[in-house]
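The file work.pdb comes next; it holds PDB, C-alpha atoms, pLDDT in the B column.
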```pdb
MODEL        1
ATOM      1  CA  PRO A   1     -14.708  58.703 123.383  1.00 73.00           C
ATOM      2  CA  GLU A   2     -16.279  56.087 125.619  1.00 88.00           C
ATOM      3  CA  THR A   3     -16.424  52.330 125.899  1.00 96.00           C
ATOM      4  CA  ILE A   4     -19.915  50.940 125.325  1.00 95.00           C
ATOM      5  CA  PHE A   5     -20.609  47.375 126.349  1.00 96.00           C
ATOM      6  CA  GLU A   6     -23.281  44.806 127.073  1.00 96.00           C
ATOM      7  CA  SER A   7     -23.227  41.613 129.116  1.00 96.00           C
ATOM      8  CA  ASP A   8     -25.702  38.849 129.786  1.00 96.00           C
ATOM      9  CA  ALA A   9     -27.260  38.131 133.171  1.00 95.00           C
ATOM     10  CA  ASP A  10     -24.260  35.981 134.159  1.00 96.00           C
ATOM     11  CA  GLY A  11     -21.761  38.774 133.543  1.00 95.00           C
ATOM     12  CA  ARG A  12     -20.456  37.409 130.251  1.00 96.00           C
ATOM     13  CA  ILE A  13     -19.557  40.187 127.849  1.00 97.00           C
ATOM     14  CA  GLN A  14     -21.685  40.127 124.715  1.00 96.00           C
ATOM     15  CA  TYR A  15     -20.655  43.362 123.000  1.00 97.00           C
ATOM     16  CA  VAL A  16     -17.920  46.007 123.142  1.00 97.00           C
ATOM     17  CA  ASN A  17     -17.687  48.905 120.705  1.00 96.00           C
ATOM     18  CA  THR A  18     -14.565  49.628 118.643  1.00 96.00           C
ATOM     19  CA  HIS A  19     -13.276  52.261 121.057  1.00 95.00           C
ATOM     20  CA  GLY A  20     -13.658  49.811 123.935  1.00 96.00           C
ATOM     21  CA  MET A  21     -11.734  47.148 122.046  1.00 96.00           C
ATOM     22  CA  GLU A  22      -8.874  49.565 121.491  1.00 96.00           C
ATOM     23  CA  LYS A  23      -9.003  50.958 125.026  1.00 96.00           C
ATOM     24  CA  PHE A  24      -8.886  47.575 126.726  1.00 97.00           C
ATOM     25  CA  ARG A  25      -6.572  46.125 124.054  1.00 96.00           C
ATOM     26  CA  ILE A  26      -8.906  43.238 123.340  1.00 96.00           C
ATOM     27  CA  THR A  27     -10.362  41.485 120.317  1.00 96.00           C
ATOM     28  CA  PRO A  28     -13.553  39.457 119.816  1.00 96.00           C
ATOM     29  CA  GLU A  29     -11.415  36.326 120.125  1.00 96.00           C
ATOM     30  CA  ILE A  30     -10.046  37.422 123.502  1.00 96.00           C
ATOM     31  CA  ILE A  31     -13.540  38.217 124.733  1.00 95.00           C
ATOM     32  CA  SER A  32     -14.771  34.800 123.658  1.00 95.00           C
ATOM     33  CA  ARG A  33     -11.975  33.203 125.699  1.00 94.00           C
ATOM     34  CA  HIS A  34     -12.361  35.521 128.699  1.00 93.00           C
ATOM     35  CA  PRO A  35     -15.948  36.797 128.693  1.00 95.00           C
ATOM     36  CA  ASP A  36     -16.254  37.455 132.465  1.00 96.00           C
ATOM     37  CA  PHE A  37     -16.485  41.235 132.978  1.00 95.00           C
ATOM     38  CA  LEU A  38     -14.638  40.946 136.312  1.00 95.00           C
ATOM     39  CA  LYS A  39     -11.431  40.141 134.424  1.00 96.00           C
ATOM     40  CA  TYR A  40     -11.300  43.780 133.382  1.00 97.00           C
ATOM     41  CA  ILE A  41     -11.727  45.173 136.896  1.00 97.00           C
ATOM     42  CA  SER A  42      -8.982  45.358 139.521  1.00 96.00           C
ATOM     43  CA  GLU A  43      -9.257  42.833 142.349  1.00 96.00           C
ATOM     44  CA  SER A  44      -9.678  45.583 144.944  1.00 95.00           C
ATOM     45  CA  ASP A  45     -12.778  46.871 143.143  1.00 95.00           C
ATOM     46  CA  ARG A  46     -14.444  43.590 142.232  1.00 96.00           C
ATOM     47  CA  GLU A  47     -16.620  43.369 145.325  1.00 95.00           C
ATOM     48  CA  GLN A  48     -18.322  46.695 144.645  1.00 93.00           C
ATOM     49  CA  ALA A  49     -18.571  45.780 140.950  1.00 94.00           C
ATOM     50  CA  VAL A  50     -20.394  42.540 141.810  1.00 95.00           C
ATOM     51  CA  GLU A  51     -22.762  44.430 144.118  1.00 93.00           C
ATOM     52  CA  ARG A  52     -23.529  46.949 141.373  1.00 93.00           C
ATOM     53  CA  PHE A  53     -24.004  44.197 138.790  1.00 95.00           C
ATOM     54  CA  SER A  54     -26.415  42.348 141.106  1.00 94.00           C
ATOM     55  CA  SER A  55     -28.437  45.498 141.687  1.00 92.00           C
ATOM     56  CA  ARG A  56     -28.817  45.996 137.937  1.00 92.00           C
ATOM     57  CA  ILE A  57     -29.820  42.384 137.366  1.00 93.00           C
ATOM     58  CA  ASN A  58     -32.463  42.940 140.036  1.00 91.00           C
ATOM     59  CA  GLY A  59     -33.797  45.839 137.984  1.00 86.00           C
ATOM     60  CA  ARG A  60     -32.425  48.792 139.959  1.00 85.00           C
ATOM     61  CA  ILE A  61     -31.028  51.736 137.997  1.00 77.00           C
ATOM     62  CA  GLY A  62     -29.054  54.925 138.569  1.00 70.00           C
ATOM     63  CA  GLY A  63     -25.681  55.958 139.925  1.00 76.00           C
ATOM     64  CA  TYR A  64     -22.115  55.949 138.671  1.00 85.00           C
ATOM     65  CA  ILE A  65     -19.270  53.819 139.966  1.00 88.00           C
ATOM     66  CA  GLU A  66     -15.543  54.596 139.970  1.00 91.00           C
ATOM     67  CA  TYR A  67     -13.016  51.791 139.803  1.00 94.00           C
ATOM     68  CA  LYS A  68      -9.632  50.758 138.437  1.00 96.00           C
ATOM     69  CA  ALA A  69     -10.033  49.174 135.006  1.00 97.00           C
ATOM     70  CA  VAL A  70      -7.590  46.487 133.847  1.00 97.00           C
ATOM     71  CA  CYS A  71      -6.599  46.099 130.198  1.00 97.00           C
ATOM     72  CA  GLU A  72      -5.619  42.852 128.518  1.00 96.00           C
ATOM     73  CA  ASP A  73      -1.915  43.741 128.696  1.00 96.00           C
ATOM     74  CA  GLY A  74      -2.137  44.371 132.442  1.00 96.00           C
ATOM     75  CA  SER A  75      -2.119  48.173 132.266  1.00 96.00           C
ATOM     76  CA  THR A  76      -4.767  50.018 134.267  1.00 96.00           C
ATOM     77  CA  PHE A  77      -6.696  53.281 134.203  1.00 96.00           C
ATOM     78  CA  ASP A  78      -9.174  55.091 136.433  1.00 94.00           C
ATOM     79  CA  ALA A  79     -12.669  54.488 135.134  1.00 94.00           C
ATOM     80  CA  LEU A  80     -16.146  55.889 135.651  1.00 92.00           C
ATOM     81  CA  ALA A  81     -18.944  53.536 134.630  1.00 92.00           C
ATOM     82  CA  TYR A  82     -22.701  53.740 134.324  1.00 91.00           C
ATOM     83  CA  THR A  83     -24.948  50.747 133.692  1.00 92.00           C
ATOM     84  CA  ASP A  84     -28.633  50.000 133.234  1.00 91.00           C
ATOM     85  CA  PRO A  85     -30.471  46.678 133.111  1.00 93.00           C
ATOM     86  CA  VAL A  86     -31.397  45.313 129.691  1.00 93.00           C
ATOM     87  CA  MET A  87     -35.055  44.289 129.600  1.00 91.00           C
ATOM     88  CA  LYS A  88     -36.729  41.892 127.181  1.00 92.00           C
ATOM     89  CA  GLU A  89     -40.426  41.146 127.584  1.00 90.00           C
ATOM     90  CA  GLY A  90     -40.269  42.432 131.139  1.00 89.00           C
ATOM     91  CA  ILE A  91     -37.322  40.246 132.132  1.00 93.00           C
ATOM     92  CA  VAL A  92     -33.797  41.476 132.889  1.00 94.00           C
ATOM     93  CA  THR A  93     -31.474  39.686 130.485  1.00 95.00           C
ATOM     94  CA  GLY A  94     -28.246  41.562 131.205  1.00 95.00           C
ATOM     95  CA  ILE A  95     -26.738  45.020 131.549  1.00 95.00           C
ATOM     96  CA  ARG A  96     -25.704  47.763 129.162  1.00 94.00           C
ATOM     97  CA  GLY A  97     -23.448  50.689 129.969  1.00 94.00           C
ATOM     98  CA  PHE A  98     -20.529  52.926 129.184  1.00 94.00           C
ATOM     99  CA  ILE A  99     -17.069  53.445 130.672  1.00 95.00           C
ATOM    100  CA  LEU A 100     -15.065  56.678 130.691  1.00 93.00           C
ATOM    101  CA  ASP A 101     -11.331  56.994 131.285  1.00 93.00           C
ATOM    102  CA  ILE A 102     -11.023  59.573 134.100  1.00 91.00           C
ATOM    103  CA  THR A 103      -7.296  59.121 134.742  1.00 89.00           C
ATOM    104  CA  GLU A 104      -6.479  62.691 133.726  1.00 85.00           C
ATOM    105  CA  ARG A 105      -9.283  64.098 135.872  1.00 80.00           C
ATOM    106  CA  LYS A 106      -8.047  62.117 138.892  1.00 82.00           C
ATOM    107  CA  MET A 107      -4.510  63.407 138.337  1.00 81.00           C
ATOM    108  CA  VAL A 108      -5.778  66.987 138.252  1.00 68.00           C
ATOM    109  CA  GLU A 109      -7.801  66.443 141.424  1.00 69.00           C
ATOM    110  CA  GLU A 110      -4.763  65.004 143.197  1.00 75.00           C
ATOM    111  CA  ALA A 111      -2.598  67.909 142.070  1.00 72.00           C
ATOM    112  CA  LEU A 112      -5.182  70.344 143.364  1.00 61.00           C
ATOM    113  CA  ARG A 113      -5.323  68.542 146.709  1.00 70.00           C
ATOM    114  CA  GLU A 114      -1.538  68.666 147.001  1.00 74.00           C
ATOM    115  CA  SER A 115      -1.523  72.315 145.984  1.00 76.00           C
ATOM    116  CA  GLU A 116      -4.230  73.103 148.513  1.00 76.00           C
ATOM    117  CA  GLY A 117      -2.296  71.308 151.237  1.00 78.00           C
ATOM    118  CA  ASN A 118       0.793  73.366 150.415  1.00 78.00           C
ATOM    119  CA  PHE A 119      -1.235  76.559 150.563  1.00 80.00           C
ATOM    120  CA  ARG A 120      -2.655  75.609 153.969  1.00 82.00           C
ATOM    121  CA  ASP A 121       0.834  75.060 155.375  1.00 84.00           C
ATOM    122  CA  PHE A 122       2.068  78.292 153.835  1.00 84.00           C
ATOM    123  CA  PHE A 123      -0.876  80.293 155.165  1.00 86.00           C
ATOM    124  CA  LYS A 124      -0.386  78.889 158.655  1.00 89.00           C
ATOM    125  CA  SER A 125       3.225  80.060 158.661  1.00 88.00           C
ATOM    126  CA  MET A 126       2.429  83.626 157.629  1.00 88.00           C
ATOM    127  CA  LEU A 127       2.496  86.429 160.184  1.00 87.00           C
ATOM    128  CA  ASP A 128      -0.116  88.459 158.287  1.00 90.00           C
ATOM    129  CA  ILE A 129      -3.862  87.854 158.481  1.00 93.00           C
ATOM    130  CA  VAL A 130      -5.012  85.212 156.000  1.00 92.00           C
ATOM    131  CA  ILE A 131      -8.721  84.494 155.599  1.00 94.00           C
ATOM    132  CA  VAL A 132     -10.294  82.112 153.074  1.00 92.00           C
ATOM    133  CA  SER A 133     -13.975  82.671 152.373  1.00 93.00           C
ATOM    134  CA  THR A 134     -16.670  81.766 149.888  1.00 92.00           C
ATOM    135  CA  MET A 135     -17.829  84.316 147.328  1.00 89.00           C
ATOM    136  CA  ASP A 136     -20.656  85.352 149.661  1.00 89.00           C
ATOM    137  CA  GLY A 137     -18.294  85.949 152.602  1.00 91.00           C
ATOM    138  CA  SER A 138     -18.714  82.759 154.630  1.00 93.00           C
ATOM    139  CA  ILE A 139     -15.357  82.186 156.326  1.00 94.00           C
ATOM    140  CA  LEU A 140     -13.753  78.776 155.701  1.00 93.00           C
ATOM    141  CA  PHE A 141     -10.241  79.180 157.069  1.00 92.00           C
ATOM    142  CA  VAL A 142      -8.326  81.616 159.265  1.00 93.00           C
ATOM    143  CA  ASN A 143      -4.611  81.315 159.926  1.00 92.00           C
ATOM    144  CA  PRO A 144      -3.148  81.419 163.479  1.00 93.00           C
ATOM    145  CA  ALA A 145      -1.818  84.962 163.002  1.00 92.00           C
ATOM    146  CA  ALA A 146      -5.346  86.242 162.361  1.00 93.00           C
ATOM    147  CA  PHE A 147      -6.557  84.888 165.699  1.00 93.00           C
ATOM    148  CA  LYS A 148      -3.706  86.636 167.491  1.00 92.00           C
ATOM    149  CA  ILE A 149      -4.169  89.962 165.695  1.00 94.00           C
ATOM    150  CA  LEU A 150      -7.968  90.099 165.673  1.00 94.00           C
ATOM    151  CA  PHE A 151      -8.615  88.571 169.121  1.00 94.00           C
ATOM    152  CA  TYR A 152     -11.331  86.217 167.875  1.00 93.00           C
ATOM    153  CA  SER A 153     -11.804  82.550 168.688  1.00 91.00           C
ATOM    154  CA  GLU A 154     -12.147  80.172 165.742  1.00 88.00           C
ATOM    155  CA  ASP A 155     -15.863  79.639 166.383  1.00 89.00           C
ATOM    156  CA  ALA A 156     -16.490  83.358 166.763  1.00 92.00           C
ATOM    157  CA  ILE A 157     -14.723  84.456 163.596  1.00 91.00           C
ATOM    158  CA  LYS A 158     -16.289  81.716 161.468  1.00 88.00           C
ATOM    159  CA  SER A 159     -19.732  82.901 162.533  1.00 91.00           C
ATOM    160  CA  ILE A 160     -19.019  86.365 161.088  1.00 91.00           C
ATOM    161  CA  ASN A 161     -19.366  87.330 157.443  1.00 92.00           C
ATOM    162  CA  LEU A 162     -16.076  88.498 155.970  1.00 93.00           C
ATOM    163  CA  ALA A 163     -17.478  91.939 155.133  1.00 90.00           C
ATOM    164  CA  ASP A 164     -18.553  92.452 158.753  1.00 90.00           C
ATOM    165  CA  LEU A 165     -14.929  92.340 159.926  1.00 92.00           C
ATOM    166  CA  TYR A 166     -14.387  95.675 158.178  1.00 92.00           C
ATOM    167  CA  ILE A 167     -15.397  99.081 159.475  1.00 88.00           C
ATOM    168  CA  SER A 168     -17.533 100.697 156.802  1.00 78.00           C
ATOM    169  CA  ASP A 169     -20.772 102.632 156.584  1.00 76.00           C
ATOM    170  CA  ASN A 170     -21.532 100.891 153.322  1.00 73.00           C
ATOM    171  CA  ARG A 171     -21.041  97.113 153.183  1.00 79.00           C
ATOM    172  CA  ASP A 172     -21.461  97.180 149.408  1.00 84.00           C
ATOM    173  CA  GLU A 173     -18.295  99.277 149.138  1.00 87.00           C
ATOM    174  CA  ILE A 174     -16.332  96.392 150.677  1.00 89.00           C
ATOM    175  CA  TRP A 175     -17.728  93.900 148.174  1.00 90.00           C
ATOM    176  CA  ASP A 176     -17.189  96.327 145.288  1.00 91.00           C
ATOM    177  CA  SER A 177     -13.507  96.585 146.248  1.00 91.00           C
ATOM    178  CA  TYR A 178     -13.236  92.779 146.506  1.00 92.00           C
ATOM    179  CA  THR A 179     -14.812  92.413 143.074  1.00 90.00           C
ATOM    180  CA  LEU A 180     -12.294  94.824 141.564  1.00 90.00           C
ATOM    181  CA  MET A 181      -9.391  92.969 143.211  1.00 89.00           C
ATOM    182  CA  LEU A 182     -10.632  89.601 141.973  1.00 88.00           C
ATOM    183  CA  ARG A 183     -10.907  91.018 138.467  1.00 84.00           C
ATOM    184  CA  GLY A 184      -7.365  92.332 138.680  1.00 85.00           C
ATOM    185  CA  GLU A 185      -8.595  95.947 138.344  1.00 88.00           C
ATOM    186  CA  LYS A 186      -7.444  96.894 141.839  1.00 88.00           C
ATOM    187  CA  LYS A 187      -4.358  95.666 143.694  1.00 85.00           C
ATOM    188  CA  THR A 188      -5.229  96.353 147.331  1.00 86.00           C
ATOM    189  CA  MET A 189      -7.905  97.850 149.559  1.00 90.00           C
ATOM    190  CA  ARG A 190      -6.973 100.088 152.489  1.00 87.00           C
ATOM    191  CA  SER A 191      -9.509 100.017 155.282  1.00 89.00           C
ATOM    192  CA  PHE A 192     -10.031  99.218 158.969  1.00 91.00           C
ATOM    193  CA  MET A 193     -10.968  96.045 160.831  1.00 92.00           C
ATOM    194  CA  LYS A 194     -12.599  95.698 164.214  1.00 90.00           C
ATOM    195  CA  ARG A 195     -10.987  93.347 166.690  1.00 92.00           C
ATOM    196  CA  GLY A 196     -12.912  91.066 168.956  1.00 91.00           C
ATOM    197  CA  SER A 197     -11.817  93.323 171.824  1.00 90.00           C
ATOM    198  CA  GLY A 198     -13.608  96.252 170.194  1.00 88.00           C
ATOM    199  CA  ASP A 199     -10.626  98.343 169.106  1.00 90.00           C
ATOM    200  CA  ILE A 200      -9.928  99.174 165.474  1.00 92.00           C
ATOM    201  CA  ILE A 201      -6.799  98.501 163.409  1.00 92.00           C
ATOM    202  CA  PRO A 202      -5.802  99.683 159.923  1.00 90.00           C
ATOM    203  CA  VAL A 203      -5.379  96.933 157.314  1.00 90.00           C
ATOM    204  CA  GLU A 204      -4.392  96.639 153.678  1.00 88.00           C
ATOM    205  CA  THR A 205      -6.204  93.798 151.917  1.00 93.00           C
ATOM    206  CA  CYS A 206      -5.463  91.927 148.720  1.00 89.00           C
ATOM    207  CA  ALA A 207      -7.606  89.114 147.310  1.00 90.00           C
ATOM    208  CA  TRP A 208      -7.566  86.456 144.604  1.00 85.00           C
ATOM    209  CA  LEU A 209      -9.657  83.528 143.444  1.00 83.00           C
ATOM    210  CA  GLY A 210      -8.703  79.929 144.234  1.00 78.00           C
ATOM    211  CA  ARG A 211      -9.961  76.483 145.222  1.00 77.00           C
ATOM    212  CA  TRP A 212     -10.511  75.317 148.787  1.00 81.00           C
ATOM    213  CA  ASN A 213     -11.670  71.890 149.962  1.00 77.00           C
ATOM    214  CA  GLY A 214     -11.787  70.943 146.292  1.00 68.00           C
ATOM    215  CA  GLU A 215     -14.178  73.750 145.402  1.00 70.00           C
TER
ENDMDL
END
```
Can you dump the structure from the file as structure tokens?
Amino acid sequence: PETIFESDADGRIQYVNTHGMEKFRITPEIISRHPDFLKYISESDREQAVERFSSRINGRIGGYIEYKAVCEDGSTFDALAYTDPVMKEGIVTGIRGFILDITERKMVEEALRESEGNFRDFFKSMLDIVIVSTMDGSILFVNPAAFKILFYSEDAIKSINLADLYISDNRDEIWDSYTLMLRGEKKTMRSFMKRGSGDIIPVETCAWLGRWNGE
């Protein structure tokens, strides 16, 4: 469900749908007493809200805005809003838009960031090689132990595709093994890696899917 609203060119609220009334805990009588849309936006976000409102009144469209919405009882929620100018006979007479409650999404994002931070600290403390890469093998993160074991600098190892660290006549075999591990059809892969010094070491690899840098 979403809040749908309209305001005139002075920012006075003219319409709010039933869901919006319930979400913001307002009534038509309350709106008539407090019609300024800024009342329902946190003070810290009002400047950007005014800038966005002005751009719409000037006829510009496009783009979402995130802000902290304020309900009549003082409670707040994280909101995502989109607005467009309302045109009548070629003249902008106000704005129309919708508001989504994204509180739950923001909580999930924060939990993922905290989880990711914990994983980074954990990986850094491990004595085994830990490498985080994209699905196509671009290396995003290497823990300190990997630098010591593989004799690569950070710049050098991040310029290498993950598959190229392994010794194999068939690169596809490496990716096939990774695919099986990610599917849970194979626990580990025994193979060899080539150090930056040129010598070769045996390794046993395991892999799983996860998020990194929010992706």
Any idea what's packed within 10 Å of Glu116 (chain A), counting all atoms listed in the file, ignoring anything in its chain fewer than 2 positions away? Could you give it as a list in words? Glu110, Ala111, Leu112, Arg113, Glu114, Asn118, Phe119, Arg120, Asp121, Phe122, Gly210, Arg211, Trp212, Asn213 and Gly214 of chain A
Starting from the PyMOL selection byres ((chain A and resi 189-199) around 6), expand the selection into actual residues of this file and give them as an mmCIF file with C-alpha atoms, in the coordinates of the input.
```cif
data_model
loop_
_atom_site.group_PDB
_atom_site.id
_atom_site.type_symbol
_atom_site.label_atom_id
_atom_site.label_comp_id
_atom_site.auth_asym_id
_atom_site.auth_seq_id
_atom_site.Cartn_x
_atom_site.Cartn_y
_atom_site.Cartn_z
ATOM 1 C CA LEU A 150 -7.968 90.099 165.673
ATOM 2 C CA PHE A 151 -8.615 88.571 169.121
ATOM 3 C CA TYR A 152 -11.331 86.217 167.875
ATOM 4 C CA LEU A 165 -14.929 92.340 159.926
ATOM 5 C CA TYR A 166 -14.387 95.675 158.178
ATOM 6 C CA ILE A 167 -15.397 99.081 159.475
ATOM 7 C CA THR A 188 -5.229 96.353 147.331
ATOM 8 C CA ILE A 200 -9.928 99.174 165.474
ATOM 9 C CA ILE A 201 -6.799 98.501 163.409
ATOM 10 C CA PRO A 202 -5.802 99.683 159.923
ATOM 11 C CA VAL A 203 -5.379 96.933 157.314
ATOM 12 C CA GLU A 204 -4.392 96.639 153.678
ATOM 13 C CA THR A 205 -6.204 93.798 151.917
#
```
Tell me which protein, DNA and RNA residues are within 7 Å of Gly94 (chain A), counting only C-alpha atoms, leaving out same-chain ones fewer than 4 positions away, and put them as a list of chain:residue names.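 Everything that qualifies: A:Ser7, A:Asp8, A:Ala9, A:Ile57, A:Pro85, A:Val86.
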- Message: Between CA of Val142 (chain A) and CA of Asn161 (chain A), what is the distance in Å, rounded to a tenth?
- Response: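 CA of Asn161 (chain A) lies 12.6 Å from CA of Val142 (chain A).
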Which residues are near Pro28 (chain A)? Cut-off 12 Å, all atoms listed in the file, ignore same chain within fewer than 4 positions. Put them as a ChimeraX atom specification. /A:13-18,20-22,24,32-35
Using the selection just defined, write its residues with C-alpha atoms as a PDB file, in the frame of the given file.
```
ATOM      1  CA  ILE A  13     -19.557  40.187 127.849  1.00 97.00           C
ATOM      2  CA  GLN A  14     -21.685  40.127 124.715  1.00 96.00           C
ATOM      3  CA  TYR A  15     -20.655  43.362 123.000  1.00 97.00           C
ATOM      4  CA  VAL A  16     -17.920  46.007 123.142  1.00 97.00           C
ATOM      5  CA  ASN A  17     -17.687  48.905 120.705  1.00 96.00           C
ATOM      6  CA  THR A  18     -14.565  49.628 118.643  1.00 96.00           C
ATOM      7  CA  GLY A  20     -13.658  49.811 123.935  1.00 96.00           C
ATOM      8  CA  MET A  21     -11.734  47.148 122.046  1.00 96.00           C
ATOM      9  CA  GLU A  22      -8.874  49.565 121.491  1.00 96.00           C
ATOM     10  CA  PHE A  24      -8.886  47.575 126.726  1.00 97.00           C
ATOM     11  CA  SER A  32     -14.771  34.800 123.658  1.00 95.00           C
ATOM     12  CA  ARG A  33     -11.975  33.203 125.699  1.00 94.00           C
ATOM     13  CA  HIS A  34     -12.361  35.521 128.699  1.00 93.00           C
ATOM     14  CA  PRO A  35     -15.948  36.797 128.693  1.00 95.00           C
TER      15      PRO A  35
END
```
A straight line from CA of Lys23 (chain A) to CA of Arg96 (chain A) spans 17.5 Å
As a check of understanding: the span from CA of Lys124 (chain A) to CA of Arg183 (chain A) is 25.8 Å
Near region 139-141 of chain A, within 9 Å and counting all atoms listed in the file, which residues show up once chain neighbours fewer than 5 positions away are dropped, as a list in words?
->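 Neighbouring residues, sequence-local ones excluded: Arg120, Val130, Ile131, Val132, Ser133, Thr134, Glu154, Ile157, Lys158, Ser159, Ile160, Asn161, Leu162 and Trp212 of chain A.
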Expected selection from the PyMOL selection byres ((chain A and resi 177) around 10), given as a tab-separated table (two decimals) with C-alpha atoms, keeping the file's coordinate frame:
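Final file, result-v7.tsv:
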```tsv
chain	number	residue	atom	x	y	z
A	172	ASP	CA	-21.46	97.18	149.41
A	173	GLU	CA	-18.30	99.28	149.14
A	174	ILE	CA	-16.33	96.39	150.68
A	175	TRP	CA	-17.73	93.90	148.17
A	176	ASP	CA	-17.19	96.33	145.29
A	178	TYR	CA	-13.24	92.78	146.51
A	179	THR	CA	-14.81	92.41	143.07
A	180	LEU	CA	-12.29	94.82	141.56
A	181	MET	CA	-9.39	92.97	143.21
A	182	LEU	CA	-10.63	89.60	141.97
A	183	ARG	CA	-10.91	91.02	138.47
A	185	GLU	CA	-8.60	95.95	138.34
A	186	LYS	CA	-7.44	96.89	141.84
A	187	LYS	CA	-4.36	95.67	143.69
A	188	THR	CA	-5.23	96.35	147.33
A	189	MET	CA	-7.90	97.85	149.56
A	190	ARG	CA	-6.97	100.09	152.49
A	205	THR	CA	-6.20	93.80	151.92
A	206	CYS	CA	-5.46	91.93	148.72
A	207	ALA	CA	-7.61	89.11	147.31
```
Nearest residue to Tyr64 (chain A) out of A:Gly137, A:Gly117, A:Pro1, A:Gly97, using all atoms listed in the file?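 That would be A:Gly97, the residue with the smallest distance to Tyr64 (chain A).
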Suppose a student applies the PyMOL selection byres ((chain A and resi 127) around 9) to this structure; what residues should they get, written as a short mmCIF file (atom, residue, chain, number, x, y, z; two decimals) with C-alpha atoms, in the coordinates of the input?
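File written: selection17.cif
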```cif
data_model
loop_
_atom_site.label_atom_id
_atom_site.label_comp_id
_atom_site.auth_asym_id
_atom_site.auth_seq_id
_atom_site.Cartn_x
_atom_site.Cartn_y
_atom_site.Cartn_z
CA PHE A 123 -0.88 80.29 155.16
CA LYS A 124 -0.39 78.89 158.66
CA SER A 125 3.22 80.06 158.66
CA MET A 126 2.43 83.63 157.63
CA ASP A 128 -0.12 88.46 158.29
CA ILE A 129 -3.86 87.85 158.48
CA VAL A 130 -5.01 85.21 156.00
CA ASN A 143 -4.61 81.32 159.93
CA PRO A 144 -3.15 81.42 163.48
CA ALA A 145 -1.82 84.96 163.00
CA ALA A 146 -5.35 86.24 162.36
#
```
Query - Spatial neighbours of region 40-48 of chain A, 6 Å, only C-alpha atoms, chain gap at least 3 places, as a list in words - result: Phe37, Glu51, Tyr67, Lys68, Ala69 and Val70 of chain A
(request) Considering only C-alpha atoms, state which residue in the set A:Leu100, A:Met135, A:Ile30, A:Ala81 is at the smallest distance from Arg52 (chain A). (result)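 Ranking A:Leu100, A:Met135, A:Ile30, A:Ala81 by distance to Arg52 (chain A), first place goes to A:Ala81.
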- request: Could you please give me, as a PyMOL selection string, the residues of protein, DNA or RNA lying at most 9 Å from (-27.8, 56.1, 137.8) in the coordinate frame of the file, considering all atoms listed in the file?
  value: chain A and resi 60-64+82-84
Go ahead and dump the residues you just picked, C-alpha atoms, as a PDB file, in the frame of the given file.
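The resulting file, selection-v1.pdb, is reproduced below:
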```
ATOM      1  CA  ARG A  60     -32.425  48.792 139.959  1.00 85.00           C
ATOM      2  CA  ILE A  61     -31.028  51.736 137.997  1.00 77.00           C
ATOM      3  CA  GLY A  62     -29.054  54.925 138.569  1.00 70.00           C
ATOM      4  CA  GLY A  63     -25.681  55.958 139.925  1.00 76.00           C
ATOM      5  CA  TYR A  64     -22.115  55.949 138.671  1.00 85.00           C
ATOM      6  CA  TYR A  82     -22.701  53.740 134.324  1.00 91.00           C
ATOM      7  CA  THR A  83     -24.948  50.747 133.692  1.00 92.00           C
ATOM      8  CA  ASP A  84     -28.633  50.000 133.234  1.00 91.00           C
TER       9      ASP A  84
END
```
Shortest interatomic distance to Gly59 (chain A) - which of A:Leu38, A:Ile149, A:Ala79, A:Ile95, counting all atoms listed in the file: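 Distance minimum relative to Gly59 (chain A) lands on A:Ile95.
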What are the centre and edge lengths in Å, to one decimal, of the axis-aligned box around all listed atoms of region 80-87 of chain A with 5 Å added on each side, as JSON?
```
{"center_x": -25.6, "center_y": 50.1, "center_z": 132.6, "size_x": 28.9, "size_y": 21.6, "size_z": 16.1}
```
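Minimum atom-to-atom distance to Phe77 (chain A), evaluated using only C-alpha atoms, belongs to A:Met107 out of A:Met107, A:Glu29, A:Ser54, A:Glu89.
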One residue among A:Ile65, A:Ala156, A:Ala163, A:Val50 is nearest to Phe98 (chain A) when using all atoms listed in the file, and that residue is A:Ile65
